[in-house]
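Colleague: After the structure tokens below, expect a handful of questions from me.
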Amino acid sequence: MSTATKPGSFRNENSNLRPTAEGVHRLLGMTDEEYESVVGILGRDPRPAELAMYSVMWSEHCSYKSSRRHLGRFPTEADWVVVGPGENAGVVDLGDGWLAAIRIESHNHPSFVEPYQGAATGVGGILRDVFTMGARPIALWDQIRFGPLDEPKNRYLFKGVVSGIAGYGNAVGVPTVGGEVEFDPCYSGNPLVNVMCLGILRRDQLVLGTAGAPGSIAVLLGKATGRDGIGGASVLASASFDEGSGEKRPAVQVGDPFEEKKLIEACLELYEKGLVVGVQDLGAAGLSCATSEPAGRAGVGMNVDLDAVHTRETGMTAPELLMSESQERMMAFVAPENVDAVLAIADKWEIDSAVVGEVKAGKTLTIKYQDELVAEVPAASLADDAPLYDRPSARPDWLDGVQARDFDGASLDIAETLLALLADPGIGSSAWVHEQYDHMLFLNTVVGPGSDGNLLRIKGTDKAMAVSTDGNGRLCYLDPRIGSQRLVYEAALNVAVTGARPLAVVDNLNFGNPEKPEVMWQFIESVEGMSEACEVLEIPVVGGNVSFYNETEGVDIHPTPVVGLLGLADPAPADPPRLSRAEPGMEIWEVGPVASSNLAGSSVQRLFGELGGKPTAPDPAAAKRSIDLAAVLAHQAAVLHDISDGGLAVALAEICIASGVGAAVHADHPFNEDPHRFLVVAAAGTLDLPEDFARRIGSIGGDVITINDSVVQLTPASDRWHNALPDAVAG
Amino acid sequence: MKTAVVVFPGVNCEHDVVHAITALGGEAELVWHRETDLSEFDGAILPGGFAHGDALRTGAIARFSPAMKEVERLAGEGAPVLGICNGWQVLCESGLIPGAHIANRDLSFICRFVEVEVVDTDSVLTRGTEVGQRIRIPLNSYEGNWVDPSNEGRVVMRYVDDPNGSQGRAAAVTSAAGNVVGVMPHPERATDALLGSTDGLVLLESFLNSLVPA
Amino acid sequence: MKVTVTIDRRPEIADPEGTTVLRALHDLGFTEATAVRMDRVIHMDVDGDDPEIVRARVTEMCRQLLANPVLEDFEIEVSR
Amino acid sequence: MKVTVTIDRRPEIADPEGTTVLRALHDLGFTEATAVRMDRVIHMDVDGDDPEIVRARVTEMCRQLLANPVLEDFEIEVSR
Ligand SMILES: Nc1ncnc2c1ncn2[C@@H]1O[C@H](COP(=O)(O)OP(=O)(O)O)[C@@H](O)[C@H]1O
Ligand SMILES: [Mg+2]
């Protein structure tokens, strides 16, 4: 399990309850009913270590107990899906024997507690999910959301998270090629830190999280185990051993990118040499998960000897060893005859390794520690018998009121508004962030950060992978279903403008407290909207993550699903469109449906501290049409730029700033953010575009940006855009 | 003629360097840092990355790797030895190039294209260039800030602007003999128009043309 | 006044760098080294003539900026 | 034995971290701070019973690995 928001133990951290023998399961975030079903499964009261295992495996984060039944709604099938949801990462076929593995995770609460380490260990976790599949991680994306930067605390969190991602990603040697940053008051007490990883592998190197057949050996690779990230276990330990002294706060996990880098190289060598039958990473629920899940998947049992686990601290109890979230660890399942070879490769890469268990016939997971039987449970029960909740959901009663608000943009001064938008840290250049990230390593980054989608070539082929990640909490707050549909369509358009066709989606569902019917409703609507859009585009959801309990003092964040969309350009454009390729004399076209006056949820509303109205619903036919058209035009045009935050005005300004040249256009609703629209810039007369779907709106030239009859000088526009984020960070 | 690309644990640019060298028709081979015999190689490149996780100081631990004895031998025999980014830091720690590296002036990691200017063509890296030649090439480092109290390091390329505070705006420095060079920006990242620049080619060509059969 | 702030990572917090340095010492044959923790020390000059006031202010600096309360403990020495 | 090695950057060598921290302190209103140097402390456990021998060995560790003579001076304290 990777370590994201863990409501159970997060509440425990703040709990000042004194442990009592019978209340221990509550301290571990377990309800009395859940405790009873453990008793039911075992036919007796659980031992401390067993209770520890069930409590982490049945936590919201690991068991998806509130979300599971709704995630089933996602379309997950397609001919090119090799591995769908259920494994550590989704895997799709790219052709020519290449597969792509992709996964997204959140590390929201840990990043609030300690921004640098929280973000760093988030990166470490998502990398492991990908190289667990046999893939070499080749790129990372970060989707990060904070409260406004005029609050010092938010600046501290933002800077800490960015340097944590840089510190880990750069040192582990995986480029961070894109992502998104959003600022909104709703994230002030609960920043969102999501990270996505893409890996590639040859078909024959695919590895799954299975324990294999009886007789195979469990080898624990990597970092020594310490009391990292343990909330409940120490409480539990002290409850059962020294009554009372259960106040230990969990040790903050510290990321070690150097160890992870060695672990990646060692694992890849193991895969290359075909030395493992299965691999499972260790994250949340550490050893509890890395033993029970692979055994459960393979329908076998396992004997585990905790004394063999290499530890960083002395005197660790069995529950602590089983719950520890120490980073940079992997469990490899190996045929007996290959164990020596595996240990030798671990030595070569200078990582620690230990034989900790053996797969057995039957279905029982038996764990011994210091000559004592500490756990004897049905292996599969920890995952399969996890509670499943159908939490009540109800449409928020405040929603009608919010959707009824109207906001009139007609009277806006175009020049002033554009300059104000360009100076918005959420819209201005993200260079302050992405220049702290190595985004060039591996020589694949054809289209890097600061564009709609990223294009990564696959060396030795003429294909390229295109990726976009998109979230928009404000739209989803106004209408979670429409908002979520629009995320999928926007992401698809973003990869299309690089010349790619959509292949698959991963999603990260960041929501508030699922015990509130309104939040549950938002969640269900969002899953529904995302599913509908994926069905229209005929793309599967191959993986994702759910993060609930994103609330502070009872106030939930905006529902913030984040979509990561993988596309394939085959062949990749020889000279892909770039924002910087506009030249004087070129024509500017607006492609897609005609903009309306609707500004619900738009960036302009944010400028005025407003959030209301009902966002324009996407039009599936138009969505498909612009995505298909963009993918074709990407092989012909100089610039393709999707129209989103800040509308056409900002999209045009970004082209002018990147190309260092002005432009003049006409646009009826320059700040409207209706979906499925993009700008095309090309040499005059070189494109023929369908009249009913594309409008020539002006041309490139001069040193001013002219929209209708409003004029903005290029230089001040450029300065605002470049300085927006650095100035905000400086405070 | 063959170039050894030395792989310390934590290094990450090794495959990119091999890719660029091979694309230029050169021959490069990865060599694990525990290797004790580089006699079949005519030169060596220490690629960028985070050898030993930059523990203690960048390059501090890597310099003790067995392979470095052989790199020192090659350097002593006048063979071309190039340290890129972290590789340069290793060369400084091992004393093959004067000075050391500290954190960038503004304490932030810098990954972006920068412009450098050739100021000295008497080195295995700049042999094929001309004094005053401008080169657009990606920088990618946190500790790119070179200091040399001895003032013995010979600067062969300077940053046009001053991104990191490096002494004398040094972007590349050579040993007295000119066969051992450390460069902070990444030539291998500027070898393909599709990725933004081909200015690094002339530098790697200079290196390859400097190889002489052992 | 001269102030020395010693900032130590809490014992239960992992110290990857220390682990790497220890490994390197062993490789170099310094096998008698059995544990290494890498910590920080900050040397400051601070205006003021009352050591107690200076200490109080520096404590505040540590709380707000110099030390990370989640990971580190700090110790302050004030001298002339 | 417990050994504390303090590694101080030579005064003539720039200290970007110290400079940045000093600026940050001033921004926070701690204007009485007039100079800041960021240095490192290495806490070690070293086997041995003769403090002098331990000191000699640790001195050797510093010469070879722990300190870089171009940048740094070191100081060693040995205690039980
Ligand atoms: N929102 C989601 N959409 C699709 N699949 C999901 C979602 N959330 C979780 N999953 C899938 O459930 C499986 C289990 O997730 P998880 O327990 O978080 O795995 P890990 O232990 O690697 O973190 C994964 O395959 C993941 O892709
Ligand atoms: Mg996983």
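Chain labels follow the order of the structure tokens: the first chain is A, the next B, and so on; residue numbering restarts at 1 in every chain, and ligands are counted from 1 in their shown order.
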So that I can see what lies close to segment 195-204 of chain B, please list as a PDB file with all heavy atoms, in the first residue's frame the residues with an atom at most 8 Å from it, counting only C-alpha atoms and leaving out residues fewer than 6 positions away in the same chain.

Modeller:
```
ATOM      1  N   LEU A 443      16.095  12.089 -21.743  1.00  0.00           N
ATOM      2  CA  LEU A 443      16.040  12.577 -23.130  1.00  0.00           C
ATOM      3  C   LEU A 443      14.769  12.167 -23.855  1.00  0.00           C
ATOM      4  O   LEU A 443      14.797  11.838 -25.038  1.00  0.00           O
ATOM      5  CB  LEU A 443      17.278  12.085 -23.912  1.00  0.00           C
ATOM      6  CG  LEU A 443      18.638  12.331 -23.257  1.00  0.00           C
ATOM      7  CD1 LEU A 443      19.767  11.809 -24.140  1.00  0.00           C
ATOM      8  CD2 LEU A 443      18.838  13.807 -22.953  1.00  0.00           C
ATOM      9  N   ASN A 444      13.646  12.180 -23.121  1.00  0.00           N
ATOM     10  CA  ASN A 444      12.366  11.863 -23.762  1.00  0.00           C
ATOM     11  C   ASN A 444      11.439  13.063 -23.860  1.00  0.00           C
ATOM     12  O   ASN A 444      10.450  13.018 -24.595  1.00  0.00           O
ATOM     13  CB  ASN A 444      11.629  10.780 -22.945  1.00  0.00           C
ATOM     14  CG  ASN A 444      12.399   9.474 -22.917  1.00  0.00           C
ATOM     15  OD1 ASN A 444      13.102   9.137 -23.848  1.00  0.00           O
ATOM     16  ND2 ASN A 444      12.282   8.759 -21.808  1.00  0.00           N
ATOM     17  N   THR A 445      11.730  14.128 -23.111  1.00  0.00           N
ATOM     18  CA  THR A 445      10.767  15.210 -22.937  1.00  0.00           C
ATOM     19  C   THR A 445      10.700  16.114 -24.160  1.00  0.00           C
ATOM     20  O   THR A 445      11.428  17.107 -24.264  1.00  0.00           O
ATOM     21  CB  THR A 445      11.109  16.049 -21.688  1.00  0.00           C
ATOM     22  OG1 THR A 445      11.398  15.164 -20.603  1.00  0.00           O
ATOM     23  CG2 THR A 445       9.942  16.957 -21.312  1.00  0.00           C
ATOM     24  N   VAL A 446       9.824  15.752 -25.102  1.00  0.00           N
ATOM     25  CA  VAL A 446       9.670  16.543 -26.329  1.00  0.00           C
ATOM     26  C   VAL A 446       8.858  17.801 -26.034  1.00  0.00           C
ATOM     27  O   VAL A 446       9.212  18.896 -26.439  1.00  0.00           O
ATOM     28  CB  VAL A 446       8.994  15.704 -27.432  1.00  0.00           C
ATOM     29  CG1 VAL A 446       8.724  16.558 -28.656  1.00  0.00           C
ATOM     30  CG2 VAL A 446       9.860  14.501 -27.778  1.00  0.00           C
ATOM     31  N   VAL A 447       7.748  17.638 -25.328  1.00  0.00           N
ATOM     32  CA  VAL A 447       6.975  18.793 -24.856  1.00  0.00           C
ATOM     33  C   VAL A 447       6.928  18.718 -23.332  1.00  0.00           C
ATOM     34  O   VAL A 447       6.359  17.788 -22.767  1.00  0.00           O
ATOM     35  CB  VAL A 447       5.552  18.804 -25.438  1.00  0.00           C
ATOM     36  CG1 VAL A 447       4.765  19.986 -24.878  1.00  0.00           C
ATOM     37  CG2 VAL A 447       5.595  18.865 -26.965  1.00  0.00           C
TER      38      VAL A 447
ATOM     39  N   ILE B  21      26.625   9.717 -26.883  1.00  0.00           N
ATOM     40  CA  ILE B  21      27.923   9.301 -27.447  1.00  0.00           C
ATOM     41  C   ILE B  21      27.702   8.346 -28.624  1.00  0.00           C
ATOM     42  O   ILE B  21      28.290   8.510 -29.701  1.00  0.00           O
ATOM     43  CB  ILE B  21      28.782   8.595 -26.367  1.00  0.00           C
ATOM     44  CG1 ILE B  21      29.144   9.574 -25.244  1.00  0.00           C
ATOM     45  CG2 ILE B  21      30.026   7.981 -26.981  1.00  0.00           C
ATOM     46  CD1 ILE B  21      30.211  10.563 -25.599  1.00  0.00           C
ATOM     47  N   LEU B  24      26.623   9.846 -31.769  1.00  0.00           N
ATOM     48  CA  LEU B  24      27.729  10.527 -32.459  1.00  0.00           C
ATOM     49  C   LEU B  24      28.699   9.527 -33.080  1.00  0.00           C
ATOM     50  O   LEU B  24      29.760   9.912 -33.578  1.00  0.00           O
ATOM     51  CB  LEU B  24      28.480  11.416 -31.477  1.00  0.00           C
ATOM     52  CG  LEU B  24      27.867  12.784 -31.205  1.00  0.00           C
ATOM     53  CD1 LEU B  24      28.526  13.437 -29.994  1.00  0.00           C
ATOM     54  CD2 LEU B  24      27.991  13.672 -32.435  1.00  0.00           C
ATOM     55  N   LEU B 125      37.137  19.296 -23.917  1.00  0.00           N
ATOM     56  CA  LEU B 125      35.717  19.603 -24.097  1.00  0.00           C
ATOM     57  C   LEU B 125      35.495  20.714 -25.122  1.00  0.00           C
ATOM     58  O   LEU B 125      34.503  20.724 -25.843  1.00  0.00           O
ATOM     59  CB  LEU B 125      35.089  20.025 -22.761  1.00  0.00           C
ATOM     60  CG  LEU B 125      33.577  20.261 -22.776  1.00  0.00           C
ATOM     61  CD1 LEU B 125      32.818  18.943 -22.911  1.00  0.00           C
ATOM     62  CD2 LEU B 125      33.127  20.996 -21.517  1.00  0.00           C
ATOM     63  N   THR B 126      36.442  21.654 -25.203  1.00  0.00           N
ATOM     64  CA  THR B 126      36.230  22.856 -26.022  1.00  0.00           C
ATOM     65  C   THR B 126      37.118  22.914 -27.262  1.00  0.00           C
ATOM     66  O   THR B 126      37.064  23.881 -28.019  1.00  0.00           O
ATOM     67  CB  THR B 126      36.505  24.119 -25.161  1.00  0.00           C
ATOM     68  OG1 THR B 126      37.794  23.971 -24.544  1.00  0.00           O
ATOM     69  CG2 THR B 126      35.447  24.273 -24.078  1.00  0.00           C
ATOM     70  N   ARG B 127      37.933  21.892 -27.435  1.00  0.00           N
ATOM     71  CA  ARG B 127      38.860  21.831 -28.567  1.00  0.00           C
ATOM     72  C   ARG B 127      38.185  22.201 -29.893  1.00  0.00           C
ATOM     73  O   ARG B 127      38.741  22.955 -30.685  1.00  0.00           O
ATOM     74  CB  ARG B 127      39.406  20.405 -28.644  1.00  0.00           C
ATOM     75  CG  ARG B 127      40.583  20.226 -29.553  1.00  0.00           C
ATOM     76  CD  ARG B 127      41.385  19.015 -29.100  1.00  0.00           C
ATOM     77  NE  ARG B 127      42.086  19.272 -27.847  1.00  0.00           N
ATOM     78  CZ  ARG B 127      42.710  18.330 -27.137  1.00  0.00           C
ATOM     79  NH1 ARG B 127      42.677  17.054 -27.542  1.00  0.00           N
ATOM     80  NH2 ARG B 127      43.346  18.641 -26.026  1.00  0.00           N
ATOM     81  N   GLY B 128      36.990  21.697 -30.115  1.00  0.00           N
ATOM     82  CA  GLY B 128      36.326  21.910 -31.415  1.00  0.00           C
ATOM     83  C   GLY B 128      35.547  23.213 -31.497  1.00  0.00           C
ATOM     84  O   GLY B 128      34.848  23.452 -32.484  1.00  0.00           O
ATOM     85  N   THR B 129      35.637  24.042 -30.473  1.00  0.00           N
ATOM     86  CA  THR B 129      34.853  25.285 -30.469  1.00  0.00           C
ATOM     87  C   THR B 129      35.757  26.483 -30.716  1.00  0.00           C
ATOM     88  O   THR B 129      36.980  26.333 -30.853  1.00  0.00           O
ATOM     89  CB  THR B 129      34.177  25.493 -29.101  1.00  0.00           C
ATOM     90  OG1 THR B 129      35.205  25.621 -28.107  1.00  0.00           O
ATOM     91  CG2 THR B 129      33.298  24.299 -28.750  1.00  0.00           C
ATOM     92  N   ILE B 135      26.815  28.825 -26.479  1.00  0.00           N
ATOM     93  CA  ILE B 135      26.248  27.481 -26.469  1.00  0.00           C
ATOM     94  C   ILE B 135      25.022  27.451 -25.562  1.00  0.00           C
ATOM     95  O   ILE B 135      25.083  27.901 -24.412  1.00  0.00           O
ATOM     96  CB  ILE B 135      27.308  26.462 -26.016  1.00  0.00           C
ATOM     97  CG1 ILE B 135      28.315  26.258 -27.143  1.00  0.00           C
ATOM     98  CG2 ILE B 135      26.672  25.146 -25.591  1.00  0.00           C
ATOM     99  CD1 ILE B 135      29.537  25.480 -26.756  1.00  0.00           C
ATOM    100  N   ARG B 136      23.900  26.973 -26.095  1.00  0.00           N
ATOM    101  CA  ARG B 136      22.638  26.882 -25.332  1.00  0.00           C
ATOM    102  C   ARG B 136      22.468  25.456 -24.833  1.00  0.00           C
ATOM    103  O   ARG B 136      22.428  24.525 -25.626  1.00  0.00           O
ATOM    104  CB  ARG B 136      21.464  27.293 -26.225  1.00  0.00           C
ATOM    105  CG  ARG B 136      20.278  27.774 -25.460  1.00  0.00           C
ATOM    106  CD  ARG B 136      19.214  28.366 -26.365  1.00  0.00           C
ATOM    107  NE  ARG B 136      17.917  28.188 -25.715  1.00  0.00           N
ATOM    108  CZ  ARG B 136      17.154  27.117 -25.849  1.00  0.00           C
ATOM    109  NH1 ARG B 136      17.529  26.148 -26.663  1.00  0.00           N
ATOM    110  NH2 ARG B 136      16.007  27.014 -25.188  1.00  0.00           N
ATOM    111  N   ILE B 137      22.412  25.300 -23.507  1.00  0.00           N
ATOM    112  CA  ILE B 137      22.570  23.963 -22.932  1.00  0.00           C
ATOM    113  C   ILE B 137      21.869  23.897 -21.569  1.00  0.00           C
ATOM    114  O   ILE B 137      21.857  24.883 -20.838  1.00  0.00           O
ATOM    115  CB  ILE B 137      24.099  23.677 -22.817  1.00  0.00           C
ATOM    116  CG1 ILE B 137      24.393  22.287 -22.314  1.00  0.00           C
ATOM    117  CG2 ILE B 137      24.766  24.707 -21.925  1.00  0.00           C
ATOM    118  CD1 ILE B 137      25.882  21.960 -22.358  1.00  0.00           C
ATOM    119  N   HIS B 186      24.610  20.131 -18.975  1.00  0.00           N
ATOM    120  CA  HIS B 186      24.650  18.775 -19.524  1.00  0.00           C
ATOM    121  C   HIS B 186      24.747  18.745 -21.045  1.00  0.00           C
ATOM    122  O   HIS B 186      23.719  18.859 -21.715  1.00  0.00           O
ATOM    123  CB  HIS B 186      23.397  18.012 -19.102  1.00  0.00           C
ATOM    124  CG  HIS B 186      23.342  17.679 -17.653  1.00  0.00           C
ATOM    125  ND1 HIS B 186      23.545  16.405 -17.175  1.00  0.00           N
ATOM    126  CD2 HIS B 186      23.125  18.464 -16.561  1.00  0.00           C
ATOM    127  CE1 HIS B 186      23.447  16.408 -15.852  1.00  0.00           C
ATOM    128  NE2 HIS B 186      23.194  17.639 -15.451  1.00  0.00           N
ATOM    129  N   PRO B 187      25.943  18.520 -21.597  1.00  0.00           N
ATOM    130  CA  PRO B 187      26.071  18.450 -23.064  1.00  0.00           C
ATOM    131  C   PRO B 187      25.142  17.394 -23.663  1.00  0.00           C
ATOM    132  O   PRO B 187      24.537  17.621 -24.710  1.00  0.00           O
ATOM    133  CB  PRO B 187      27.533  18.042 -23.273  1.00  0.00           C
ATOM    134  CG  PRO B 187      28.239  18.389 -22.018  1.00  0.00           C
ATOM    135  CD  PRO B 187      27.232  18.301 -20.922  1.00  0.00           C
ATOM    136  N   GLU B 188      24.983  16.253 -22.970  1.00  0.00           N
ATOM    137  CA  GLU B 188      24.176  15.167 -23.552  1.00  0.00           C
ATOM    138  C   GLU B 188      22.712  15.557 -23.671  1.00  0.00           C
ATOM    139  O   GLU B 188      21.962  14.928 -24.414  1.00  0.00           O
ATOM    140  CB  GLU B 188      24.346  13.887 -22.722  1.00  0.00           C
ATOM    141  CG  GLU B 188      23.498  13.793 -21.456  1.00  0.00           C
ATOM    142  CD  GLU B 188      24.095  14.521 -20.242  1.00  0.00           C
ATOM    143  OE1 GLU B 188      25.096  15.262 -20.407  1.00  0.00           O
ATOM    144  OE2 GLU B 188      23.555  14.355 -19.128  1.00  0.00           O
ATOM    145  N   ARG B 189      22.303  16.617 -22.965  1.00  0.00           N
ATOM    146  CA  ARG B 189      20.906  17.043 -23.053  1.00  0.00           C
ATOM    147  C   ARG B 189      20.695  18.065 -24.171  1.00  0.00           C
ATOM    148  O   ARG B 189      19.589  18.572 -24.353  1.00  0.00           O
ATOM    149  CB  ARG B 189      20.435  17.634 -21.719  1.00  0.00           C
ATOM    150  CG  ARG B 189      20.376  16.615 -20.613  1.00  0.00           C
ATOM    151  CD  ARG B 189      19.733  17.169 -19.349  1.00  0.00           C
ATOM    152  NE  ARG B 189      19.707  16.147 -18.302  1.00  0.00           N
ATOM    153  CZ  ARG B 189      19.012  16.253 -17.179  1.00  0.00           C
ATOM    154  NH1 ARG B 189      18.281  17.341 -16.954  1.00  0.00           N
ATOM    155  NH2 ARG B 189      19.037  15.286 -16.285  1.00  0.00           N
TER     156      ARG B 189
END
```

Colleague: So that I can see what lies close to segment 5-19 of chain C, please list as a PyMOL selection string the residues with an atom at most 7 Å from it, counting only C-alpha atoms and leaving out residues fewer than 4 positions away in the same chain.

Modeller: (chain A and resi 251-252+254+256) or (chain B and resi 55) or (chain C and resi 23+36-43+67+71-77)

Colleague: Considering only C-alpha atoms, extract the chain B residues located within 8 Å of chain D and return them as a tab-separated table (two decimals) with all heavy atoms, in the first residue's frame.

Modeller:
```tsv
chain	number	residue	atom	x	y	z
B	56	LEU	N	26.91	13.83	2.84
B	56	LEU	CA	28.08	14.57	3.32
B	56	LEU	C	28.37	15.77	2.42
B	56	LEU	O	28.07	16.89	2.77
B	56	LEU	CB	29.29	13.63	3.38
B	56	LEU	CG	30.36	13.92	4.41
B	56	LEU	CD1	29.75	14.10	5.79
B	56	LEU	CD2	31.34	12.75	4.44
B	60	ALA	N	31.64	13.35	-2.40
B	60	ALA	CA	32.59	13.05	-1.32
B	60	ALA	C	32.89	11.56	-1.20
B	60	ALA	O	34.04	11.16	-1.01
B	60	ALA	CB	32.04	13.58	0.00
B	61	ILE	N	31.85	10.74	-1.34
B	61	ILE	CA	32.04	9.30	-1.13
B	61	ILE	C	32.49	8.62	-2.42
B	61	ILE	O	33.36	7.75	-2.42
B	61	ILE	CB	30.74	8.67	-0.58
B	61	ILE	CG1	30.42	9.26	0.80
B	61	ILE	CG2	30.86	7.15	-0.49
B	61	ILE	CD1	29.08	8.84	1.38
B	93	GLU	N	36.39	16.60	-5.68
B	93	GLU	CA	36.66	15.91	-4.42
B	93	GLU	C	37.91	15.06	-4.54
B	93	GLU	O	38.67	14.92	-3.58
B	93	GLU	CB	35.46	15.03	-4.03
B	93	GLU	CG	34.29	15.81	-3.42
B	93	GLU	CD	34.53	16.19	-1.95
B	93	GLU	OE1	35.35	15.53	-1.29
B	93	GLU	OE2	33.91	17.18	-1.49
B	99	GLY	N	39.30	23.10	-6.54
B	99	GLY	CA	38.06	23.71	-6.07
B	99	GLY	C	37.06	22.71	-5.53
B	99	GLY	O	37.37	21.53	-5.31
B	100	ALA	N	35.86	23.21	-5.30
B	100	ALA	CA	34.78	22.39	-4.74
B	100	ALA	C	33.46	23.09	-5.09
B	100	ALA	O	33.47	24.20	-5.63
B	100	ALA	CB	34.93	22.28	-3.22
B	103	ALA	N	26.24	25.09	-2.47
B	103	ALA	CA	24.86	25.28	-2.93
B	103	ALA	C	24.74	26.52	-3.82
B	103	ALA	O	25.47	27.50	-3.65
B	103	ALA	CB	23.93	25.42	-1.74
B	104	ASN	N	23.83	26.46	-4.78
B	104	ASN	CA	23.56	27.61	-5.64
B	104	ASN	C	23.26	28.84	-4.81
B	104	ASN	O	22.64	28.75	-3.75
B	104	ASN	CB	22.37	27.34	-6.56
B	104	ASN	CG	22.66	26.25	-7.56
B	104	ASN	OD1	23.82	25.94	-7.83
B	104	ASN	ND2	21.61	25.66	-8.10
B	105	ARG	N	23.68	29.99	-5.32
B	105	ARG	CA	23.53	31.26	-4.59
B	105	ARG	C	22.11	31.42	-4.03
B	105	ARG	O	21.93	31.78	-2.88
B	105	ARG	CB	23.87	32.42	-5.51
B	105	ARG	CG	23.75	33.81	-4.90
B	105	ARG	CD	23.75	34.85	-6.00
B	105	ARG	NE	22.81	34.44	-7.05
B	105	ARG	CZ	23.09	34.47	-8.35
B	105	ARG	NH1	24.25	34.90	-8.76
B	105	ARG	NH2	22.20	34.06	-9.22
B	106	ASP	N	21.10	31.11	-4.86
B	106	ASP	CA	19.72	31.35	-4.40
B	106	ASP	C	19.11	30.13	-3.74
B	106	ASP	O	17.89	30.06	-3.54
B	106	ASP	CB	18.86	31.80	-5.58
B	106	ASP	CG	19.39	33.09	-6.19
B	106	ASP	OD1	20.01	33.87	-5.44
B	106	ASP	OD2	19.24	33.30	-7.41
B	107	LEU	N	19.94	29.14	-3.42
B	107	LEU	CA	19.48	27.96	-2.70
B	107	LEU	C	18.31	27.28	-3.38
B	107	LEU	O	17.43	26.77	-2.69
B	107	LEU	CB	19.05	28.33	-1.27
B	107	LEU	CG	20.11	28.39	-0.20
B	107	LEU	CD1	19.41	28.33	1.16
B	107	LEU	CD2	21.09	27.24	-0.33
B	147	VAL	N	33.63	26.91	-6.18
B	147	VAL	CA	34.55	27.83	-5.50
B	147	VAL	C	35.97	27.26	-5.61
B	147	VAL	O	36.16	26.05	-5.52
B	147	VAL	CB	34.19	28.01	-4.01
B	147	VAL	CG1	32.86	28.72	-3.87
B	147	VAL	CG2	34.14	26.66	-3.29
B	148	ASP	N	36.94	28.14	-5.81
B	148	ASP	CA	38.32	27.69	-5.96
B	148	ASP	C	39.27	28.70	-5.33
B	148	ASP	O	39.84	29.55	-6.02
B	148	ASP	CB	38.66	27.51	-7.44
B	148	ASP	CG	40.12	27.13	-7.64
B	148	ASP	OD1	40.73	26.61	-6.67
B	148	ASP	OD2	40.65	27.36	-8.74
B	149	PRO	N	39.44	28.60	-3.99
B	149	PRO	CA	40.33	29.54	-3.30
B	149	PRO	C	41.74	29.54	-3.91
B	149	PRO	O	42.41	30.57	-3.91
B	149	PRO	CB	40.38	29.01	-1.87
B	149	PRO	CG	39.16	28.16	-1.72
B	149	PRO	CD	38.88	27.60	-3.07
```

Colleague: Which protein, DNA or RNA residues have an atom within 8 Å of ligand 1, counting only C-alpha atoms and all ligand atoms, as a VMD selection string?

Modeller: chain A and resid 1 to 4 61 to 64 68 71 74 84 to 90 103 to 105 126 129 281 to 284 289 506 to 509 541 to 546

Colleague: Please provide as a VMD selection string all residues within 12 Å of Val711 of chain A, with the sequence filter that same-chain residues fewer than 3 positions apart are discarded (counting only C-alpha atoms).

Modeller: chain A and resid 413 to 419 649 653 662 to 666 702 to 708 714 716 to 717

Colleague: Output as a ChimeraX atom specification all residues of segment 3-203 of chain B that backbone DSSP marks as helix (DSSP H, G or I).

Modeller: /B:14-23,51-54,62-64,66-76,86-93,167-169,187-189,193-195,201-203

Colleague: Pull out every residue of chain A sitting within 12 Å of chain D, counting only C-alpha atoms, and send them as a VMD selection string.

Modeller: chain A and resid 152 730 to 731

Colleague: Emit the selected residues as an mmCIF file, in the first residue's frame, including C-alpha atoms.

Modeller:
```
data_model
loop_
_atom_site.group_PDB
_atom_site.id
_atom_site.type_symbol
_atom_site.label_atom_id
_atom_site.label_comp_id
_atom_site.auth_asym_id
_atom_site.auth_seq_id
_atom_site.Cartn_x
_atom_site.Cartn_y
_atom_site.Cartn_z
ATOM 1 C CA PRO A 152 2.557 32.769 5.435
ATOM 2 C CA ALA A 730 8.125 36.044 -1.903
ATOM 3 C CA GLY A 731 5.066 37.248 0.016
#
```

Colleague: Kindly determine which residues of chain B lie within 12 Å of chain A, considering only C-alpha atoms, and give the answer as a PyMOL selection string.

Modeller: chain B and resi 7-20+23+32-35+47-55+58+86+104+106-114+137-142+186-197

Colleague: So the first atom is atom CA of Met1 of chain C and the second is atom CA of Thr4 of chain D; what is the distance between them in Å, to one decimal place?

Modeller: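 Atom CA of Thr4 of chain D lies at a distance of 23.9 Å from atom CA of Met1 of chain C.
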
Colleague: Residues within 12 Å of Ser79 of chain C, please, as a ChimeraX atom specification. Count only C-alpha atoms; anything in the same chain fewer than 5 positions from it doesn't count.

Modeller: /C:1-5,43-52,54-55
